[in-house]
Every structure is written in structure tokens, then in C-alpha cells.
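Colleague: One structure, pasted below without further comment.
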Amino acid sequence: MYCTKTCPYCQRAEKLLRKRGARVQKIRVDGNPAKLKEMIRRSKRNTVPQIFIGDRYVGGFDDIAELDVMDKLEPLLKGAK
């Protein structure tokens, strides 16, 4: 998950992912221009969080929250292990 230290959506995303049993690898982009460029290249977006499950791009917090409501987040996480 690409994130910044103070982003509330990043914190919510991390909390939801951990609640669903995911091990979250945080890649901080604040103060790291190379990681920010990498995030934009991979996601085509310039806002955080940007979340990948394995190599699959799933979007930001709203996207994983929607997957969770539709009961699709946990199976996606289990498939990536």
C-alpha cells in the first residue's frame, strides 16, 4: 500500500486490511519522490492510498471498502497468499 504518514484514508485502509487478516506493507511516498513516481506509474493515480493485493491493483480506500461490503475483499486477500 502506497501511503503517507498522516493520511486518514491510508490509516483506514490499513485498519480494514489488517481486520481482514492482511499483512500490510506500507510504501511511504511523502518525502520520497522516487516512490511517488513509482506509485503514479503503477496506479495511474497521484493520491494515496493506492493499494495492491499481490501484484493486482485494487485502487484506494473507497475501492477496498466497496469490495469489503460486497464480501469480495477477504477472498481476494486469501487468493494472494
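Residue numbering restarts at 1 in every chain; chains get A, B, ... in the order shown in the C-alpha cells, and ligands count up from 1 in that same order.
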From a DSSP pass on the backbone, collect the residues of chain A flagged as helix (DSSP H, G or I) and hand them back as a ChimeraX atom specification.
Modeller: /A:8-19,33-43,61-69,73-80
Colleague: So which residues touch segment 1-12 of chain A within 9 Å, counting only C-alpha atoms, skipping near sequence neighbours fewer than 5 positions away, as a PyMOL selection string?
Modeller: chain A and resi 17+24-31+35-36+39+47-53+60-62
Colleague: Using DSSP on the backbone coordinates, identify the residues of chain A assigned to strand (DSSP E or B); present them as a PyMOL selection string.
Modeller: chain A and resi 2-3+27-28+50-53+56-59
Colleague: Which of these, A:Met70, A:Ala34, A:Gly79, A:Ile40, has the shortest distance to Arg56 of chain A once you count only C-alpha atoms?
Modeller: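 Once distances to Arg56 of chain A are computed over only C-alpha atoms, the minimum belongs to A:Gly79.
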Colleague: I'd like the interatomic distance between atom CA of Leu76 of chain A and atom CA of Val58 of chain A, to a tenth of an Å.
Modeller: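 Here the two named atoms are 9.8 Å from each other.
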Colleague: May I ask which of the residues A:Gly21, A:Ala13, A:Gly59, A:Lys72 is the closest one to Lys44 of chain A, counting only C-alpha atoms?
Modeller: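 That would be A:Gly59, the residue with the smallest distance to Lys44 of chain A.
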